[in-house]
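Note sheet for the following structure.
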Amino acid sequence: MSNGAELHPITESDAFIADALREASIPALMASMSHLVGDLRVWDKGIRPASAPFGPVDNDGLTEEQREAVRAEALELLKDYRDRGSPALPPLDGATLLKMMRLVAGDAAPDSYLPMLLADARIDDSTIAPREWSAELKEKAGDFHVLIVGAGMSGMLMAIRLQEAGIPYVIIEKNSDVGGTWLLNSYPGCRCDVPNYFYSYSFERRSDWPHHFSERDRILEYFQGIARKYDIVDKVQFNSEVTQAVWSEEESAWHVSVRREDGSVDTIVTKAFIPAVGQLSRPKIPDVPGAERFRGITCHTGAYDRSISYEGKRVAVVGTAASAIQAIPEIAEKADQLFVVQRTAHWLLPSPNHLAEIAPGMKWLLGHVPFYSHWYRARYSSRSLYGLKVAAAIDPSWPHQERSVSAINDQARERLTDYLKGELGDHPDLLEKLTPRYPPFATRIMPNNGSYLRSLKSDHTELVTGNIAALDETGIIMADGRHLDVDIIIYATGFQATRFMYPMRIVGRGGVVLSDFWGEDARAYLGITVPGFPNMFMVFGPGTAVFNVIFLAECNSRYIMDAIQGMIENDWDSIECRPEVYAEYVERYRREAAGLAIASPYVTSWYKSASGNVVSNLPFEVSDYWNWTRKANFDDFLTSSENEHGESSSDLISC
């Protein structure tokens with residue numbers, strides 16, 4: 001446990017500190033004060049911040065008088081800490097930290113979540129301590145080789161963990177630089193819809209993010225900085241693409257075919273194969289009849305051309321989900337005419353500070369007050385990781401499932417609808433088109449500060465609903481026969497999200513191809529391993545999408561490293577999930593997913609496969625998944641020695 005990343009000594013004046021405290025999150029501040037005094041006495045006055053899932057993170061339920069009392073006490077403690085030279089603070093014991101987390105989280109999370117929140121905030125690392133690597137084990141690790149596919153967020157995370165253990169690795173990256181989705185997505189207005197004090201590696205927090213929801217360029221800069229800091233770049237083979245990976249039974253290794261930029265193909269032999277390609281890496285462009293006839297410019301937001309100029313142009317944006325909502329306000333400011341083509345309306349979450357810069361006082365607190373950044377992250381994650389499932393759980397007895405799935409879900413619907421009414425009350429036609437008919441949380445809710453809705457109300461913007469029938473030389477032909485004359489078409493139509501590992505051809509035991517084994521519904525034990533595909537571990541695989549994918553990737557990387565350590569320690573040539581363990585997990589997954597709004601038959605989404613089954617999201621309690629992935633349970637696996645004397649290859653892939 002440490003005072004935190006980038007923590008600077010306090011040298012500022014009393015007045016400066018007092019001004020900065022005006023920006024403080026009171027729950028995080030009270031927890032930080034507990035570290036300063038070494039116990040829980042700062043909570044003795046009975047001030048208890050309230051909490052509720054999905055409310056604003058700084059809505060603490062306190063009176064202004066209570067907040068002022070906390071700030072006044074914090075000022076005195078920080079002045080004393082400054083005057084003592086900002087010393088390192090002794091750690092608090094685990095029981096005290098758990099009590100503090102309960103106070104910080106309020107009623108937003110059950111007790112089972114508290115150890116996870118402490119670990120994610122890096123307040124107590126003891127709960128995620130890896131198995132010890134002896135000197136002998138580290139020496140053996142040097143003979144183990146890993147190939148990672150993808151140099152995005154999850155691929156770099158795996159690289160860092162392998163480097164720490166001294167395990168040789170190489171990353172194959174199809175693009176020209178690191179960054180993954182943040183390299184490819186450079187469309188106007190692109191930014192993260194998760195605050196950066198949460199959307200960042202838990203071990204690499206920054207106190208100087210410019211915005212709460214940072215722009216794409218700042219996030220890419222963050223990941224490129226990580227690559228430099230950990231010397232990852234030299235281990236990446238850029239402009240190279242894995243086309244095929246074939247398991248060799250004789251060698252207990254993967255033969256990975258890599259196509260280079262010049263079209264040549266190399267083969268790399270590796271002991272472990274780790275696809276870390278994510279779900280948002282292959283743009284999904286609609287197969288529209290006549291697309292080749294269009295004489296204007298077409299572009300997908302996931303492969304954006306930043307040279308496009310909208311000045312004096314007629315533009316159509318196809319799609320109204322996350323990337324469209326971010327891009328449309330900026331495009332609308334420049335285009336002469338803008339058509340927004342909507343097939344499905346999406347719920348919008350009021351987020352007034354979505355484009356706002358972080359106040360100077362808040363930046364100072366994050367970078368100077370011991371443990372403040374840790375507790376602020378914990379406060380936010382306590383409200384998001386748990387609240388999503390609460391609001392999305394289906395109550396079978398609840399009527400009108402087409403509009404909401406439970407009482408709390410209906411309350412969310414009313415609040416979200418009221419927001420739309422407040423923004424669009426003067427445009428009843430837009431209100432009708434933009435109010436979803438399906439339950440909240442059946443698809444991802446999009447945070448917005450109102451700029452998207454305002455741009456739709458402008459005189460030169462039109463929201464067009466319906467399906468596209470075809471394109472011709474000059475524009476879009478809608479299914480109702482209407483023609484939209486445009487110069488530029490921007491596809492904001494998402495990614496091949498449910499085609500996991502696409503377009504790689506992965507061949508396991510007995511020549512079984514992974515895509516054939518899966519069919520339309522990709523699935524994996526813990527989203528990481530598949531029987532019949534030894535020594536293959538996926539990061540952000542099927543059924544693992546959560547509110548914050550970095551949290552999920554850290555769970556995955558911890559589990560994978562533990563499995564690899566077990567292989568090295570026990571001299572196992574191969575390790576793979578037992579078929580019965582996999583089958584039982586898949587059945588539980590389907591059962592849990594069917595009980596959530598994401599399974600609603602009243603809307604389609606990238607959460608579902610072509611068959612209509614949920615394959616993307618994690619339907620379990622996040623705290624359960626965190627516990628399942630803390631360490632690998634080797635009873636769940638077949639090892640090389642068991643395979644040599646036990647079940648046949650056909651038995652291994654029959655499920």
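Order determines the names: the first chain of the structure tokens is A, the second B, and so forth; residues in each chain are numbered 1 upward, and ligands are numbered 1 upward as they are shown.
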Subject >> Backbone DSSP call of helix (DSSP H, G or I) for region 84-228 of chain A, listed as a PyMOL selection string >> reply: chain A and resi 94-105+111-120+125-128+135-141+153-165+181-184+216-228
With only C-alpha atoms counted and 12 Å as the cut-off, give the residues of region 134-195 of chain A in contact with region 566-578 of chain A, each with its shortest interatomic distance in Å and the pair that gives it, as JSON lines.
```
{"residue": "A:Ser134", "atom": "CA", "partner": "A:Glu569", "partner_atom": "CA", "distance": 9.6}
{"residue": "A:Ala135", "atom": "CA", "partner": "A:Glu569", "partner_atom": "CA", "distance": 11.5}
{"residue": "A:Glu136", "atom": "CA", "partner": "A:Glu569", "partner_atom": "CA", "distance": 9.2}
{"residue": "A:Leu137", "atom": "CA", "partner": "A:Glu569", "partner_atom": "CA", "distance": 6.4}
{"residue": "A:Lys138", "atom": "CA", "partner": "A:Ile568", "partner_atom": "CA", "distance": 9.1}
{"residue": "A:Glu139", "atom": "CA", "partner": "A:Ile568", "partner_atom": "CA", "distance": 10.0}
{"residue": "A:Lys140", "atom": "CA", "partner": "A:Ile568", "partner_atom": "CA", "distance": 6.8}
{"residue": "A:Ala141", "atom": "CA", "partner": "A:Ile568", "partner_atom": "CA", "distance": 6.5}
{"residue": "A:Gly142", "atom": "CA", "partner": "A:Ile568", "partner_atom": "CA", "distance": 9.9}
{"residue": "A:Asp143", "atom": "CA", "partner": "A:Ile568", "partner_atom": "CA", "distance": 9.1}
{"residue": "A:Phe144", "atom": "CA", "partner": "A:Ile568", "partner_atom": "CA", "distance": 7.6}
{"residue": "A:His145", "atom": "CA", "partner": "A:Ile568", "partner_atom": "CA", "distance": 10.8}
{"residue": "A:Ala165", "atom": "CA", "partner": "A:Ile568", "partner_atom": "CA", "distance": 11.2}
{"residue": "A:Gly166", "atom": "CA", "partner": "A:Ile568", "partner_atom": "CA", "distance": 11.9}
{"residue": "A:Ile167", "atom": "CA", "partner": "A:Ile568", "partner_atom": "CA", "distance": 10.2}
```
Let's see if you can do this: from backbone DSSP, list all strand (DSSP E or B) residues in region 126-295 of chain A, as number ranges by chain. A: 146-149, 169-172, 191, 211, 215, 236-237, 241-248, 253-259, 265-270, 272-275, 283
How about saving the chosen residues, N, CA and C atoms kept, as a compact mmCIF listing (two decimals), in the first residue's frame?
```txt
# COMPACT_ATOMS: atom_id res chain seq x y z
N VAL A 146 5.61 -16.43 -24.81
CA VAL A 146 4.21 -16.05 -24.97
C VAL A 146 4.07 -15.14 -26.18
N LEU A 147 3.02 -15.36 -26.96
CA LEU A 147 2.68 -14.45 -28.05
C LEU A 147 1.35 -13.79 -27.72
N ILE A 148 1.35 -12.47 -27.72
CA ILE A 148 0.15 -11.67 -27.47
C ILE A 148 -0.32 -11.08 -28.79
N VAL A 149 -1.62 -11.11 -29.02
CA VAL A 149 -2.17 -10.48 -30.23
C VAL A 149 -2.84 -9.18 -29.80
N TYR A 169 8.19 -12.50 -24.33
CA TYR A 169 6.95 -12.37 -25.08
C TYR A 169 7.18 -11.52 -26.31
N VAL A 170 6.23 -11.62 -27.22
CA VAL A 170 6.18 -10.75 -28.38
C VAL A 170 4.73 -10.35 -28.59
N ILE A 171 4.51 -9.13 -29.06
CA ILE A 171 3.16 -8.66 -29.39
C ILE A 171 3.07 -8.48 -30.89
N ILE A 172 2.03 -9.05 -31.48
CA ILE A 172 1.75 -8.85 -32.90
C ILE A 172 0.63 -7.82 -33.01
N ARG A 191 -14.12 10.68 -27.23
CA ARG A 191 -13.63 10.72 -25.86
C ARG A 191 -14.16 9.52 -25.10
N HIS A 211 -9.69 16.49 -18.34
CA HIS A 211 -11.15 16.44 -18.28
C HIS A 211 -11.59 15.25 -17.43
N GLU A 215 -10.53 13.41 -23.69
CA GLU A 215 -10.57 13.28 -25.14
C GLU A 215 -9.65 12.15 -25.60
N VAL A 236 7.03 -5.14 -29.73
CA VAL A 236 5.87 -5.17 -30.62
C VAL A 236 6.32 -5.26 -32.07
N GLN A 237 5.70 -6.15 -32.82
CA GLN A 237 5.90 -6.23 -34.27
C GLN A 237 4.70 -5.56 -34.93
N GLU A 241 -0.16 -8.93 -38.87
CA GLU A 241 -1.48 -9.44 -38.50
C GLU A 241 -1.46 -10.96 -38.37
N VAL A 242 -1.98 -11.45 -37.25
CA VAL A 242 -2.11 -12.89 -37.07
C VAL A 242 -3.27 -13.37 -37.93
N THR A 243 -2.98 -14.27 -38.82
CA THR A 243 -4.03 -14.83 -39.68
C THR A 243 -4.49 -16.19 -39.19
N GLN A 244 -3.59 -16.94 -38.55
CA GLN A 244 -3.93 -18.29 -38.13
C GLN A 244 -3.05 -18.70 -36.95
N ALA A 245 -3.62 -19.50 -36.05
CA ALA A 245 -2.86 -20.11 -34.96
C ALA A 245 -3.29 -21.57 -34.87
N VAL A 246 -2.31 -22.47 -34.95
CA VAL A 246 -2.61 -23.91 -34.97
C VAL A 246 -1.86 -24.59 -33.82
N TRP A 247 -2.60 -25.37 -33.03
CA TRP A 247 -2.00 -26.09 -31.91
C TRP A 247 -1.28 -27.34 -32.43
N SER A 248 -0.03 -27.49 -32.01
CA SER A 248 0.76 -28.67 -32.36
C SER A 248 0.78 -29.63 -31.19
N ALA A 253 2.71 -26.72 -28.44
CA ALA A 253 2.96 -25.30 -28.71
C ALA A 253 2.04 -24.84 -29.83
N TRP A 254 1.91 -23.52 -29.93
CA TRP A 254 1.12 -22.91 -30.99
C TRP A 254 2.03 -22.47 -32.13
N HIS A 255 1.59 -22.77 -33.36
CA HIS A 255 2.26 -22.26 -34.55
C HIS A 255 1.39 -21.11 -35.08
N VAL A 256 1.91 -19.91 -34.99
CA VAL A 256 1.13 -18.72 -35.29
C VAL A 256 1.62 -18.11 -36.60
N SER A 257 0.72 -18.00 -37.57
CA SER A 257 1.05 -17.41 -38.87
C SER A 257 0.83 -15.90 -38.81
N VAL A 258 1.85 -15.15 -39.23
CA VAL A 258 1.82 -13.69 -39.15
C VAL A 258 2.07 -13.11 -40.54
N ARG A 259 1.08 -12.34 -41.03
CA ARG A 259 1.23 -11.68 -42.32
C ARG A 259 1.84 -10.30 -42.11
N VAL A 265 4.48 -14.04 -45.15
CA VAL A 265 3.92 -14.69 -43.97
C VAL A 265 5.03 -15.42 -43.23
N ASP A 266 5.15 -15.16 -41.93
CA ASP A 266 6.09 -15.85 -41.06
C ASP A 266 5.32 -16.74 -40.10
N THR A 267 6.01 -17.71 -39.52
CA THR A 267 5.43 -18.56 -38.49
C THR A 267 6.22 -18.42 -37.20
N ILE A 268 5.53 -18.13 -36.13
CA ILE A 268 6.15 -18.02 -34.81
C ILE A 268 5.64 -19.17 -33.95
N VAL A 269 6.55 -19.89 -33.32
CA VAL A 269 6.17 -20.99 -32.43
C VAL A 269 6.22 -20.46 -31.00
N THR A 270 5.15 -20.65 -30.25
CA THR A 270 5.06 -20.09 -28.90
C THR A 270 4.36 -21.06 -27.97
N ALA A 272 2.53 -20.24 -25.17
CA ALA A 272 1.19 -19.74 -24.82
C ALA A 272 0.75 -18.69 -25.83
N PHE A 273 -0.54 -18.69 -26.12
CA PHE A 273 -1.13 -17.82 -27.14
C PHE A 273 -2.20 -16.99 -26.45
N ILE A 274 -2.04 -15.66 -26.45
CA ILE A 274 -2.96 -14.77 -25.72
C ILE A 274 -3.55 -13.74 -26.68
N PRO A 275 -4.73 -14.00 -27.23
CA PRO A 275 -5.42 -12.96 -28.00
C PRO A 275 -5.95 -11.88 -27.06
N PRO A 283 -14.27 -2.55 -37.55
CA PRO A 283 -15.48 -1.78 -37.86
C PRO A 283 -16.53 -2.63 -38.58
```
From the list A:Ala597, A:Val340, A:Val512, A:Val277, the nearest residue to Ile468 (chain A) using only C-alpha atoms is A:Val340
Near region 600-610 of chain A, counting only C-alpha atoms, which residues have an atom at most 12 Å away, once you skip same-chain residues fewer than 5 positions from it, shown as a PyMOL selection string? chain A and resi 279-280+284+321-322+343-346+392-394+396+400-405+436-445+493-500+518-523+542-546+590+593-595+615-619
Nearby residues (only C-alpha atoms) at most 12 Å from His354 (chain A), same-chain spacing under 2 positions excluded, as a VMD selection string: chain A and resid 56 189 to 196 210 to 215 326 349 to 352 356 to 358 446 to 452
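Going from CA of Thr529 (chain A) to CA of Asn627 (chain A) covers 16.8 Å.
Minimum distance to Glu164 (chain A) across A:Ala108, A:Ile232, A:Ile408, A:Leu103 (counting only C-alpha atoms) occurs at A:Ile232.
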### Message
Need the shell around Trp628 (chain A): protein/DNA/RNA residues with any atom at most 9 Å away, counting only C-alpha atoms. Skip same-chain ones fewer than 6 positions apart. Format as a PyMOL selection string?
### Response
chain A and resi 526+555+559
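With only C-alpha atoms taken into account, the protein and nucleic acid residues at most 12 Å from Glu333 (chain A) (excluding it and anything under 4 positions from it in its own chain) are Pro188, Gly189, Ser309, Tyr310, Glu311, Gly312, Lys313, Val315, Ala327, Ile328, Pro329, Gln337, Leu338, Ser451, Tyr452, Arg454, Ser455, Leu456, Ser458, Asp459, His460 and Thr461 of chain A.
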Using only C-alpha atoms, the residue out of A:Glu423, A:Asp120, A:Glu592, A:Asp231 with shortest distance to Thr435 (chain A) is A:Glu423
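Between CA of Pro534 (chain A) and CA of Val178 (chain A) lies a distance of 27.5 Å.
The gap separating CA of Leu36 (chain A) from CA of Arg67 (chain A) is 18.3 Å, in Å to one decimal.
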From the list A:Ala599, A:Ala553, A:Leu514, A:Cys299, the nearest residue to Ile488 (chain A) using only C-alpha atoms is A:Cys299
Counting only C-alpha atoms, closest pick from A:Phe238, A:Phe637, A:Phe371, A:Tyr197 relative to Ile123 (chain A) is A:Phe371
